[in-house]
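Asks: Dropping in my_file.cif, which is mmCIF, C-alpha atoms and all ligand atoms:
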data_work
#
loop_
_atom_site.group_PDB
_atom_site.id
_atom_site.type_symbol
_atom_site.label_atom_id
_atom_site.label_comp_id
_atom_site.auth_asym_id
_atom_site.auth_seq_id
_atom_site.Cartn_x
_atom_site.Cartn_y
_atom_site.Cartn_z
ATOM 1 C CA MET K 1 -6.904 222.982 30.794
ATOM 2 C CA ILE K 2 -7.140 226.686 31.542
ATOM 3 C CA ASN K 3 -10.712 227.921 31.979
ATOM 4 C CA ASN K 4 -12.613 231.142 32.690
ATOM 5 C CA ASP K 5 -11.529 231.081 36.345
ATOM 6 C CA THR K 6 -8.020 231.606 35.014
ATOM 7 C CA LEU K 7 -9.000 234.722 33.091
ATOM 8 C CA ASP K 8 -10.835 236.162 36.124
ATOM 9 C CA PHE K 9 -7.836 235.342 38.317
ATOM 10 C CA LEU K 10 -5.420 237.068 35.919
ATOM 11 C CA LYS K 11 -7.663 240.134 35.505
ATOM 12 C CA THR K 12 -7.856 240.502 39.270
ATOM 13 C CA LYS K 13 -4.084 240.208 39.628
ATOM 14 C CA LEU K 14 -3.456 242.662 36.783
ATOM 15 C CA ASN K 15 -5.804 245.111 38.522
ATOM 16 C CA GLY K 16 -6.792 247.156 35.451
ATOM 17 C CA PHE K 17 -3.463 246.802 33.635
ATOM 18 C CA ILE K 18 -4.236 246.026 29.979
ATOM 19 C CA PRO K 19 -1.240 244.645 28.053
ATOM 20 C CA ASP K 20 -0.900 245.379 24.328
ATOM 21 C CA THR K 21 2.045 243.035 23.716
ATOM 22 C CA ALA K 22 2.592 239.474 24.954
ATOM 23 C CA ILE K 23 6.181 238.221 24.930
ATOM 24 C CA VAL K 24 7.228 234.619 25.436
ATOM 25 C CA LEU K 25 10.755 234.432 26.793
ATOM 26 C CA GLY K 26 12.516 231.185 25.938
ATOM 27 C CA SER K 27 15.492 229.440 27.574
ATOM 28 C CA GLY K 28 17.893 231.864 29.222
ATOM 29 C CA LEU K 29 15.996 235.035 28.244
ATOM 30 C CA GLY K 30 14.180 235.424 31.535
ATOM 31 C CA ASN K 31 16.241 238.456 32.629
ATOM 32 C CA PHE K 32 14.563 240.619 30.003
ATOM 33 C CA THR K 33 11.901 241.436 32.565
ATOM 34 C CA ASP K 34 14.499 243.326 34.652
ATOM 35 C CA LEU K 35 13.624 246.218 32.319
ATOM 36 C CA ILE K 36 10.182 246.487 33.905
ATOM 37 C CA LYS K 37 9.946 248.887 36.833
ATOM 38 C CA ASN K 38 7.500 247.748 39.513
ATOM 39 C CA PRO K 39 6.370 244.623 37.653
ATOM 40 C CA ILE K 40 3.261 242.661 38.485
ATOM 41 C CA ILE K 41 4.559 239.127 38.984
ATOM 42 C CA ILE K 42 2.308 236.090 38.867
ATOM 43 C CA PRO K 43 3.964 232.656 39.327
ATOM 44 C CA TYR K 44 2.409 230.007 37.080
ATOM 45 C CA SER K 45 2.036 227.856 40.200
ATOM 46 C CA ASP K 46 -0.544 230.396 41.524
ATOM 47 C CA ILE K 47 -2.618 230.391 38.317
ATOM 48 C CA PRO K 48 -5.528 227.970 38.513
ATOM 49 C CA GLY K 49 -5.240 225.292 35.833
ATOM 50 C CA ALA K 50 -2.078 226.686 34.207
ATOM 51 C CA PRO K 51 0.548 224.204 33.003
ATOM 52 C CA LYS K 52 3.869 224.426 34.837
ATOM 53 C CA PRO K 53 7.131 224.282 32.843
ATOM 54 C CA THR K 54 9.519 221.574 33.977
ATOM 55 C CA VAL K 55 12.600 222.543 31.940
ATOM 56 C CA LYS K 56 15.784 223.986 33.443
ATOM 57 C CA GLY K 57 16.213 227.648 32.378
ATOM 58 C CA HIS K 58 12.475 228.356 32.377
ATOM 59 C CA GLN K 59 11.366 230.376 35.391
ATOM 60 C CA GLY K 60 7.643 229.838 35.183
ATOM 61 C CA ARG K 61 5.944 233.147 35.874
ATOM 62 C CA LEU K 62 4.088 236.015 34.248
ATOM 63 C CA CYS K 63 5.622 239.433 34.561
ATOM 64 C CA ALA K 64 3.613 242.491 33.464
ATOM 65 C CA GLY K 65 4.479 246.174 33.242
ATOM 66 C CA ILE K 66 5.723 248.921 30.976
ATOM 67 C CA ILE K 67 8.733 248.760 28.643
ATOM 68 C CA GLY K 68 9.275 251.738 26.334
ATOM 69 C CA LYS K 69 5.932 252.784 24.862
ATOM 70 C CA HIS K 70 4.241 249.453 25.473
ATOM 71 C CA LYS K 71 2.334 247.606 28.133
ATOM 72 C CA VAL K 72 3.777 244.139 28.078
ATOM 73 C CA ILE K 73 2.954 240.825 29.621
ATOM 74 C CA CYS K 74 5.968 238.516 29.589
ATOM 75 C CA LEU K 75 5.742 234.772 29.925
ATOM 76 C CA GLN K 76 9.009 233.807 31.589
ATOM 77 C CA GLY K 77 9.190 230.219 30.506
ATOM 78 C CA ARG K 78 6.852 228.080 28.435
ATOM 79 C CA THR K 79 5.701 224.493 28.416
ATOM 80 C CA HIS K 80 6.664 222.401 25.418
ATOM 81 C CA LEU K 81 4.746 219.670 23.664
ATOM 82 C CA TYR K 82 7.581 217.269 24.554
ATOM 83 C CA GLU K 83 6.599 217.714 28.210
ATOM 84 C CA GLY K 84 3.469 215.786 27.358
ATOM 85 C CA MET K 85 0.964 218.613 27.544
ATOM 86 C CA ASP K 86 -2.262 218.663 25.557
ATOM 87 C CA PRO K 87 -1.507 220.936 22.541
ATOM 88 C CA ARG K 88 -4.962 222.529 22.915
ATOM 89 C CA THR K 89 -3.766 224.112 26.172
ATOM 90 C CA ILE K 90 -1.618 226.437 24.065
ATOM 91 C CA LEU K 91 -4.666 227.678 22.156
ATOM 92 C CA VAL K 92 -6.457 228.445 25.397
ATOM 93 C CA SER K 93 -3.428 230.303 26.833
ATOM 94 C CA THR K 94 -3.106 232.431 23.689
ATOM 95 C CA GLN K 95 -6.816 233.226 23.715
ATOM 96 C CA GLN K 96 -6.458 234.326 27.341
ATOM 97 C CA LEU K 97 -3.637 236.718 26.368
ATOM 98 C CA LYS K 98 -5.882 238.128 23.660
ATOM 99 C CA ASP K 99 -8.775 238.432 26.107
ATOM 100 C CA LEU K 100 -6.481 240.328 28.485
ATOM 101 C CA GLY K 101 -5.955 242.889 25.696
ATOM 102 C CA ALA K 102 -2.845 241.766 23.773
ATOM 103 C CA LYS K 103 -2.768 242.719 20.093
ATOM 104 C CA ARG K 104 0.789 241.568 19.382
ATOM 105 C CA PHE K 105 2.587 238.344 20.194
ATOM 106 C CA ILE K 106 6.378 238.095 20.324
ATOM 107 C CA ALA K 107 7.960 234.652 20.631
ATOM 108 C CA THR K 108 11.616 234.076 21.444
ATOM 109 C CA ASN K 109 13.402 230.761 21.582
ATOM 110 C CA ALA K 110 16.738 228.993 21.441
ATOM 111 C CA ALA K 111 17.379 227.069 18.260
ATOM 112 C CA GLY K 112 20.026 225.067 16.463
ATOM 113 C CA SER K 113 21.429 226.451 13.226
ATOM 114 C CA LEU K 114 21.106 224.418 10.035
ATOM 115 C CA ARG K 115 23.622 226.667 8.241
ATOM 116 C CA THR K 116 27.327 226.794 8.952
ATOM 117 C CA ASP K 117 27.328 230.490 7.991
ATOM 118 C CA MET K 118 24.914 231.233 10.897
ATOM 119 C CA PRO K 119 27.036 230.295 13.920
ATOM 120 C CA ALA K 120 26.175 229.864 17.596
ATOM 121 C CA GLY K 121 25.502 233.246 19.187
ATOM 122 C CA SER K 122 23.644 234.603 16.120
ATOM 123 C CA LEU K 123 20.130 236.033 16.203
ATOM 124 C CA MET K 124 17.589 234.960 13.563
ATOM 125 C CA LEU K 125 14.357 236.745 12.756
ATOM 126 C CA ILE K 126 11.768 234.099 11.896
ATOM 127 C CA GLU K 127 10.276 234.889 8.502
ATOM 128 C CA ASP K 128 8.273 231.676 8.233
ATOM 129 C CA HIS K 129 8.047 228.251 9.843
ATOM 130 C CA ILE K 130 7.590 224.555 9.120
ATOM 131 C CA ASN K 131 5.486 222.537 11.539
ATOM 132 C CA PHE K 132 7.318 219.214 11.712
ATOM 133 C CA SER K 133 6.084 218.390 15.221
ATOM 134 C CA GLY K 134 3.293 216.116 14.043
ATOM 135 C CA LYS K 135 0.939 218.020 16.386
ATOM 136 C CA ASN K 136 -1.353 220.991 16.021
ATOM 137 C CA PRO K 137 -2.997 222.919 18.868
ATOM 138 C CA LEU K 138 -6.115 223.574 16.779
ATOM 139 C CA VAL K 139 -6.985 219.883 16.368
ATOM 140 C CA GLY K 140 -10.239 219.190 18.170
ATOM 141 C CA ALA K 141 -10.098 222.599 19.840
ATOM 142 C CA MET K 142 -12.947 224.334 18.071
ATOM 143 C CA LYS K 143 -16.633 223.478 17.783
ATOM 144 C CA THR K 144 -16.438 224.313 14.086
ATOM 145 C CA PRO K 145 -13.017 223.811 12.536
ATOM 146 C CA ASN K 146 -11.732 226.807 10.671
ATOM 147 C CA PHE K 147 -8.719 227.052 8.442
ATOM 148 C CA PRO K 148 -6.408 229.897 9.442
ATOM 149 C CA ASP K 149 -4.442 231.460 6.602
ATOM 150 C CA MET K 150 -0.728 231.058 7.354
ATOM 151 C CA SER K 151 0.579 232.856 4.256
ATOM 152 C CA SER K 152 1.973 235.744 6.312
ATOM 153 C CA ALA K 153 2.009 234.359 9.835
ATOM 154 C CA TYR K 154 4.957 236.541 10.870
ATOM 155 C CA ASP K 155 3.826 240.148 10.479
ATOM 156 C CA VAL K 156 5.713 241.911 7.694
ATOM 157 C CA GLY K 157 5.553 245.337 9.366
ATOM 158 C CA MET K 158 6.928 244.092 12.694
ATOM 159 C CA ARG K 159 9.661 242.164 10.904
ATOM 160 C CA GLN K 160 10.748 245.197 8.899
ATOM 161 C CA LYS K 161 10.766 247.351 12.016
ATOM 162 C CA MET K 162 13.001 244.836 13.788
ATOM 163 C CA LEU K 163 15.360 244.626 10.791
ATOM 164 C CA ASP K 164 15.586 248.442 10.665
ATOM 165 C CA ILE K 165 16.352 248.621 14.390
ATOM 166 C CA ALA K 166 19.022 245.919 14.125
ATOM 167 C CA ALA K 167 20.651 247.753 11.188
ATOM 168 C CA LYS K 168 20.592 251.034 13.093
ATOM 169 C CA GLU K 169 22.064 249.428 16.214
ATOM 170 C CA ASN K 170 24.700 247.568 14.157
ATOM 171 C CA ILE K 171 23.521 244.176 15.412
ATOM 172 C CA ARG K 172 23.595 241.363 12.847
ATOM 173 C CA LEU K 173 20.144 239.860 12.477
ATOM 174 C CA PHE K 174 19.714 236.883 10.150
ATOM 175 C CA SER K 175 16.303 236.081 8.638
ATOM 176 C CA GLY K 176 15.190 232.531 8.092
ATOM 177 C CA VAL K 177 12.760 229.668 8.361
ATOM 178 C CA TYR K 178 12.288 227.905 11.723
ATOM 179 C CA ILE K 179 11.371 224.252 11.741
ATOM 180 C CA MET K 180 9.849 222.653 14.819
ATOM 181 C CA ALA K 181 10.767 219.117 15.817
ATOM 182 C CA LEU K 182 8.810 217.578 18.674
ATOM 183 C CA GLY K 183 11.918 216.624 20.685
ATOM 184 C CA PRO K 184 12.943 216.166 23.423
ATOM 185 C CA ASN K 185 16.025 214.600 21.837
ATOM 186 C CA TYR K 186 18.201 216.778 19.653
ATOM 187 C CA GLU K 187 18.217 215.835 15.961
ATOM 188 C CA THR K 188 20.366 213.246 14.281
ATOM 189 C CA PRO K 189 22.790 214.522 11.619
ATOM 190 C CA ALA K 190 20.534 212.918 8.968
ATOM 191 C CA GLU K 191 17.537 214.883 10.285
ATOM 192 C CA VAL K 192 19.575 218.088 10.236
ATOM 193 C CA ARG K 193 20.497 217.467 6.567
ATOM 194 C CA MET K 194 16.848 216.720 5.748
ATOM 195 C CA PHE K 195 15.589 219.897 7.478
ATOM 196 C CA ARG K 196 18.107 221.974 5.529
ATOM 197 C CA GLN K 197 16.871 220.417 2.295
ATOM 198 C CA PHE K 198 13.312 221.266 3.348
ATOM 199 C CA GLY K 199 14.383 224.916 3.272
ATOM 200 C CA ALA K 200 14.711 225.509 7.006
ATOM 201 C CA ASP K 201 17.489 227.607 8.561
ATOM 202 C CA ALA K 202 17.047 226.788 12.253
ATOM 203 C CA VAL K 203 15.479 223.992 14.295
ATOM 204 C CA GLY K 204 13.842 224.110 17.702
ATOM 205 C CA MET K 205 11.209 222.448 19.851
ATOM 206 C CA SER K 206 8.778 225.297 20.525
ATOM 207 C CA THR K 207 7.125 228.439 19.135
ATOM 208 C CA VAL K 208 5.248 226.932 16.155
ATOM 209 C CA PRO K 209 2.142 225.858 18.159
ATOM 210 C CA GLU K 210 2.033 229.262 19.856
ATOM 211 C CA VAL K 211 2.298 231.069 16.524
ATOM 212 C CA ILE K 212 -0.475 228.948 14.990
ATOM 213 C CA THR K 213 -2.762 229.870 17.893
ATOM 214 C CA ALA K 214 -1.721 233.530 17.729
ATOM 215 C CA VAL K 215 -2.603 233.674 14.030
ATOM 216 C CA GLN K 216 -5.915 231.936 14.789
ATOM 217 C CA SER K 217 -6.515 234.622 17.459
ATOM 218 C CA ASN K 218 -5.678 237.459 15.019
ATOM 219 C CA LEU K 219 -2.605 238.596 16.914
ATOM 220 C CA LYS K 220 0.293 240.168 15.021
ATOM 221 C CA VAL K 221 3.298 237.881 15.414
ATOM 222 C CA LEU K 222 7.044 238.457 15.645
ATOM 223 C CA GLY K 223 9.475 235.601 16.287
ATOM 224 C CA ILE K 224 13.202 235.634 17.005
ATOM 225 C CA SER K 225 15.566 232.722 17.619
ATOM 226 C CA VAL K 226 18.789 232.855 19.547
ATOM 227 C CA ILE K 227 21.102 230.411 17.790
ATOM 228 C CA SER K 228 22.670 228.395 20.574
ATOM 229 C CA ASN K 229 24.507 225.780 18.527
ATOM 230 C CA LEU K 230 25.102 224.357 15.096
ATOM 231 C CA GLY K 231 22.769 221.459 14.356
ATOM 232 C CA ALA K 232 23.987 217.910 14.949
ATOM 233 C CA GLY K 233 26.647 216.859 12.462
ATOM 234 C CA LEU K 234 27.488 220.431 11.422
ATOM 235 C CA SER K 235 30.190 220.724 14.075
ATOM 236 C CA SER K 236 32.415 218.246 15.844
ATOM 237 C CA GLU K 237 30.848 219.004 19.238
ATOM 238 C CA ASN K 238 28.082 217.029 20.947
ATOM 239 C CA LEU K 239 25.009 218.964 22.094
ATOM 240 C CA SER K 240 24.165 219.566 25.727
ATOM 241 C CA HIS K 241 21.361 221.638 27.252
ATOM 242 C CA ASN K 242 23.877 223.337 29.578
ATOM 243 C CA ASP K 243 25.985 224.538 26.607
ATOM 244 C CA VAL K 244 22.792 225.762 24.953
ATOM 245 C CA LEU K 245 21.898 227.763 28.067
ATOM 246 C CA GLN K 246 25.380 229.290 28.294
ATOM 247 C CA ILE K 247 25.418 230.608 24.714
ATOM 248 C CA VAL K 248 21.843 231.828 25.005
ATOM 249 C CA GLU K 249 22.758 233.789 28.111
ATOM 250 C CA THR K 250 25.298 235.874 26.142
ATOM 251 C CA ALA K 251 23.426 236.193 22.832
ATOM 252 C CA GLY K 252 20.196 236.707 24.774
ATOM 253 C CA LYS K 253 21.551 240.059 25.992
ATOM 254 C CA LYS K 254 21.750 241.261 22.367
ATOM 255 C CA LEU K 255 18.185 240.106 21.824
ATOM 256 C CA SER K 256 16.971 241.816 25.008
ATOM 257 C CA TYR K 257 18.533 245.047 23.776
ATOM 258 C CA LEU K 258 16.853 244.741 20.355
ATOM 259 C CA LEU K 259 13.493 243.992 21.957
ATOM 260 C CA GLN K 260 13.885 246.979 24.262
ATOM 261 C CA LYS K 261 14.554 249.246 21.259
ATOM 262 C CA PHE K 262 11.598 247.662 19.448
ATOM 263 C CA LEU K 263 9.301 248.449 22.373
ATOM 264 C CA GLU K 264 10.537 252.042 22.487
ATOM 265 C CA GLU K 265 8.821 252.546 19.112
ATOM 266 C CA ASP K 266 5.043 252.800 18.508
HETATM 267 N N1 LIG V 301 17.734 221.312 18.043
HETATM 268 C C1 LIG V 301 16.501 221.471 18.558
HETATM 269 N N2 LIG V 301 16.214 222.359 19.491
HETATM 270 C C2 LIG V 301 17.201 223.161 19.913
HETATM 271 C C3 LIG V 301 18.501 223.060 19.424
HETATM 272 C C4 LIG V 301 18.786 222.081 18.430
HETATM 273 O O1 LIG V 301 19.924 221.920 17.925
HETATM 274 N N3 LIG V 301 19.250 223.988 20.065
HETATM 275 C C5 LIG V 301 18.408 224.645 20.913
HETATM 276 N N4 LIG V 301 17.168 224.153 20.826
#
Could you take the file, read its structure, and then write that structure out as structure tokens?
Replies:
Amino acid sequence: MINNDTLDFLKTKLNGFIPDTAIVLGSGLGNFTDLIKNPIIIPYSDIPGAPKPTVKGHQGRLCAGIIGKHKVICLQGRTHLYEGMDPRTILVSTQQLKDLGAKRFIATNAAGSLRTDMPAGSLMLIEDHINFSGKNPLVGAMKTPNFPDMSSAYDVGMRQKMLDIAAKENIRLFSGVYIMALGPNYETPAEVRMFRQFGADAVGMSTVPEVITAVQSNLKVLGISVISNLGAGLSSENLSHNDVLQIVETAGKKLSYLLQKFLEED
């Protein structure tokens, strides 16, 4: 578990830099931080008590600095519940970001499409989510349980701004519902059909626990998925993590550009 030593450590490293926006960069999106001039880089392995990601494509470091009009702290790589971590660790990490000064939380991820009209290489703005992971980072994490309102978890103003930017830049941005499966296996075709019937548009193995903790911490949330593949059974191809990484690499550049434009606004 992360503790107060972690916060002190991070404050010392950040040396007076107060981020307003925290950005989690999922598989293949790590290069986004190239936009930061003179970044402050903190490898997760240096942070006392921090969980270390074990998944290929996740770099495992914090990278802080200025992009556009904003002071950002980027998490290059995340840990997933399927790695066996205690879900409460995510709550603590999010609270630390808030304590460092963040007011906004942007989550990116790679996801499988549940719609044949949203092909691999698309970008999807998350308008809502379904927690199908069977886990919740708030369970047992608070002395007195509270009941966060999730009726507008993904901030309407940030979503509209992103849609306006995408329209202006002529970049197609789908909107949809993200469903989280625990993983680490990809879904069966039957699960993909079920998720579609639930009303989901994309499936992935991350983001939902972070967003729950961000809402609990009163951060404004934006979420975007890079669609790396059609869900199992929707195409004739089998799924492999390497294929996922390859598609994300290309589509991730479009997302980096959109995020850059987003950060150039107030
Ligand atoms: N399913 C779950 N997670 C994913 C997928 C998928 O098809 N693609 C990328 N992450």
Asks: What's the 8 Å shell around Lys37 (chain K), counting all atoms listed in the file, without same-chain residues fewer than 3 positions away, as a PyMOL selection string?
Replies: chain K and resi 34+65-66
Asks: Run the PyMOL selection byres (((not hetatm)) within 9 of (chain V and resi 301)) mentally over the shown coordinates, then write out the matched residues as a PyMOL selection string, using the chain letters and numbers from the document.
Replies: chain K and resi 27+109-114+179-187+192+202-206+226-232+239-241+244-245+248
Asks: Okay, now the selection with C-alpha atoms, as a PDB file, in the frame of the given file?
Replies:
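The result, written out as part-v6.pdb:
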ATOM      1  CA  SER K  27      15.492 229.440  27.574  1.00  0.00           C
ATOM      2  CA  ASN K 109      13.402 230.761  21.582  1.00  0.00           C
ATOM      3  CA  ALA K 110      16.738 228.993  21.441  1.00  0.00           C
ATOM      4  CA  ALA K 111      17.379 227.069  18.260  1.00  0.00           C
ATOM      5  CA  GLY K 112      20.026 225.067  16.463  1.00  0.00           C
ATOM      6  CA  SER K 113      21.429 226.451  13.226  1.00  0.00           C
ATOM      7  CA  LEU K 114      21.106 224.418  10.035  1.00  0.00           C
ATOM      8  CA  ILE K 179      11.371 224.252  11.741  1.00  0.00           C
ATOM      9  CA  MET K 180       9.849 222.653  14.819  1.00  0.00           C
ATOM     10  CA  ALA K 181      10.767 219.117  15.817  1.00  0.00           C
ATOM     11  CA  LEU K 182       8.810 217.578  18.674  1.00  0.00           C
ATOM     12  CA  GLY K 183      11.918 216.624  20.685  1.00  0.00           C
ATOM     13  CA  PRO K 184      12.943 216.166  23.423  1.00  0.00           C
ATOM     14  CA  ASN K 185      16.025 214.600  21.837  1.00  0.00           C
ATOM     15  CA  TYR K 186      18.201 216.778  19.653  1.00  0.00           C
ATOM     16  CA  GLU K 187      18.217 215.835  15.961  1.00  0.00           C
ATOM     17  CA  VAL K 192      19.575 218.088  10.236  1.00  0.00           C
ATOM     18  CA  ALA K 202      17.047 226.788  12.253  1.00  0.00           C
ATOM     19  CA  VAL K 203      15.479 223.992  14.295  1.00  0.00           C
ATOM     20  CA  GLY K 204      13.842 224.110  17.702  1.00  0.00           C
ATOM     21  CA  MET K 205      11.209 222.448  19.851  1.00  0.00           C
ATOM     22  CA  SER K 206       8.778 225.297  20.525  1.00  0.00           C
ATOM     23  CA  VAL K 226      18.789 232.855  19.547  1.00  0.00           C
ATOM     24  CA  ILE K 227      21.102 230.411  17.790  1.00  0.00           C
ATOM     25  CA  SER K 228      22.670 228.395  20.574  1.00  0.00           C
ATOM     26  CA  ASN K 229      24.507 225.780  18.527  1.00  0.00           C
ATOM     27  CA  LEU K 230      25.102 224.357  15.096  1.00  0.00           C
ATOM     28  CA  GLY K 231      22.769 221.459  14.356  1.00  0.00           C
ATOM     29  CA  ALA K 232      23.987 217.910  14.949  1.00  0.00           C
ATOM     30  CA  LEU K 239      25.009 218.964  22.094  1.00  0.00           C
ATOM     31  CA  SER K 240      24.165 219.566  25.727  1.00  0.00           C
ATOM     32  CA  HIS K 241      21.361 221.638  27.252  1.00  0.00           C
ATOM     33  CA  VAL K 244      22.792 225.762  24.953  1.00  0.00           C
ATOM     34  CA  LEU K 245      21.898 227.763  28.067  1.00  0.00           C
ATOM     35  CA  VAL K 248      21.843 231.828  25.005  1.00  0.00           C
TER      36      VAL K 248
END
Asks: In Å, how far is it from CA of Gly60 (chain K) to CA of Phe32 (chain K)?
Replies: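 Separation between CA of Gly60 (chain K) and CA of Phe32 (chain K): 13.8 Å.
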Asks: What's around Ala166 (chain K) at 8 Å? Count all atoms listed in the file, leave out sequence neighbours fewer than 6 positions away in its own chain, and write the answer as a list in words.
Replies: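 Those residues are Arg172, Leu173 and Leu258 of chain K.
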Asks: So that each row is one residue of region 91-121 of chain K with an atom at most 12 Å from region 12-26 of chain K, can you give its shortest atom pair and the distance in Å to one decimal, using only C-alpha atoms, rows by chain and rising number, as JSON lines?
Replies:
{"residue": "K:Ser93", "atom": "CA", "partner": "K:Ala22", "partner_atom": "CA", "distance": 11.1}
{"residue": "K:Thr94", "atom": "CA", "partner": "K:Ala22", "partner_atom": "CA", "distance": 9.1}
{"residue": "K:Gln95", "atom": "CA", "partner": "K:Ala22", "partner_atom": "CA", "distance": 11.4}
{"residue": "K:Gln96", "atom": "CA", "partner": "K:Ala22", "partner_atom": "CA", "distance": 10.7}
{"residue": "K:Leu97", "atom": "CA", "partner": "K:Ala22", "partner_atom": "CA", "distance": 7.0}
{"residue": "K:Lys98", "atom": "CA", "partner": "K:Ala22", "partner_atom": "CA", "distance": 8.7}
{"residue": "K:Asp99", "atom": "CA", "partner": "K:Ile18", "partner_atom": "CA", "distance": 9.7}
{"residue": "K:Leu100", "atom": "CA", "partner": "K:Ile18", "partner_atom": "CA", "distance": 6.3}
{"residue": "K:Gly101", "atom": "CA", "partner": "K:Pro19", "partner_atom": "CA", "distance": 5.6}
{"residue": "K:Ala102", "atom": "CA", "partner": "K:Asp20", "partner_atom": "CA", "distance": 4.1}
{"residue": "K:Lys103", "atom": "CA", "partner": "K:Asp20", "partner_atom": "CA", "distance": 5.3}
{"residue": "K:Arg104", "atom": "CA", "partner": "K:Thr21", "partner_atom": "CA", "distance": 4.7}
{"residue": "K:Phe105", "atom": "CA", "partner": "K:Ala22", "partner_atom": "CA", "distance": 4.9}
{"residue": "K:Ile106", "atom": "CA", "partner": "K:Ile23", "partner_atom": "CA", "distance": 4.6}
{"residue": "K:Ala107", "atom": "CA", "partner": "K:Val24", "partner_atom": "CA", "distance": 4.9}
{"residue": "K:Thr108", "atom": "CA", "partner": "K:Gly26", "partner_atom": "CA", "distance": 5.4}
{"residue": "K:Asn109", "atom": "CA", "partner": "K:Gly26", "partner_atom": "CA", "distance": 4.5}
{"residue": "K:Ala110", "atom": "CA", "partner": "K:Gly26", "partner_atom": "CA", "distance": 6.5}
{"residue": "K:Ala111", "atom": "CA", "partner": "K:Gly26", "partner_atom": "CA", "distance": 10.0}
Asks: One number please: CA of Thr116 (chain K) to CA of Leu234 (chain K), in Å, one decimal.
Replies: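 Computing the Euclidean distance for CA of Thr116 (chain K) and CA of Leu234 (chain K) yields 6.8 Å.
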Asks: Between CA of Ala64 (chain K) and CA of Ser175 (chain K), what is the distance in Å, rounded to a tenth?
Replies: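 Between these atoms lies a distance of 28.6 Å.
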Asks: Quick one: everything within 6 Å of region 41-48 of chain K, counting all atoms listed in the file, minus sequence neighbours fewer than 6 positions away in the same chain. Send it as a list in words.
Replies: Thr6, Gly60, Arg61, Leu62 and Cys63 of chain K
Asks: Can you spell out as a count of residues only the set of residues that the PyMOL selection byres (((chain K and resi 149-155) around 8) and not hetatm) selects in the structure I just provided?
Replies: 16
Asks: Rank K:Leu125, K:Ala190, K:Leu81, K:Asn38 by their smallest atom-to-atom distance to Gln160 (chain K), using all atoms listed in the file, and report the top residue only.
Replies: K:Leu125
Asks: Give the answer as one residue: which of K:Leu7, K:Leu91, K:Ala50, K:Leu29 has the shortest atom-to-atom distance to Gly140 (chain K), using only C-alpha atoms?
Replies: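 Closest residue, counting only C-alpha atoms: K:Leu91.
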Asks: Between K:Tyr257, K:Phe198, K:Phe9, K:Phe174, which one has atoms that come closest to Pro119 (chain K), using only C-alpha atoms?
Replies: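 When distances to Pro119 (chain K) are compared using only C-alpha atoms, the smallest one comes from K:Phe174.
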Asks: Which residue, K:Met118, K:Val208, K:Leu219, K:Asp164, has the smallest gap to Ser133 (chain K) when you use only C-alpha atoms?
Replies: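 For Ser133 (chain K), the nearest of the given residues is K:Val208.
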Asks: Which residues would end up in the selection if the PyMOL selection byres (((chain K and resi 260) around 12) and not hetatm) were applied here, given that I need the answer as a PyMOL selection string?
Replies: chain K and resi 23+32-36+66-70+72+162+165-166+169+253-259+261-265
Asks: Which residue is closest to Ile171 (chain K)? Choose from K:Met85, K:Met194, K:Cys74, K:Leu123 and count all atoms listed in the file.
Replies: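 Looking only at the distances to Ile171 (chain K), the closest residue turns out to be K:Leu123.
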Asks: Could you check the closest approach to Leu163 (chain K) for each of K:Glu83, K:Ile73, K:Asp243, K:Ile224 and tell me which residue wins, using all atoms listed in the file?
Replies: K:Ile224
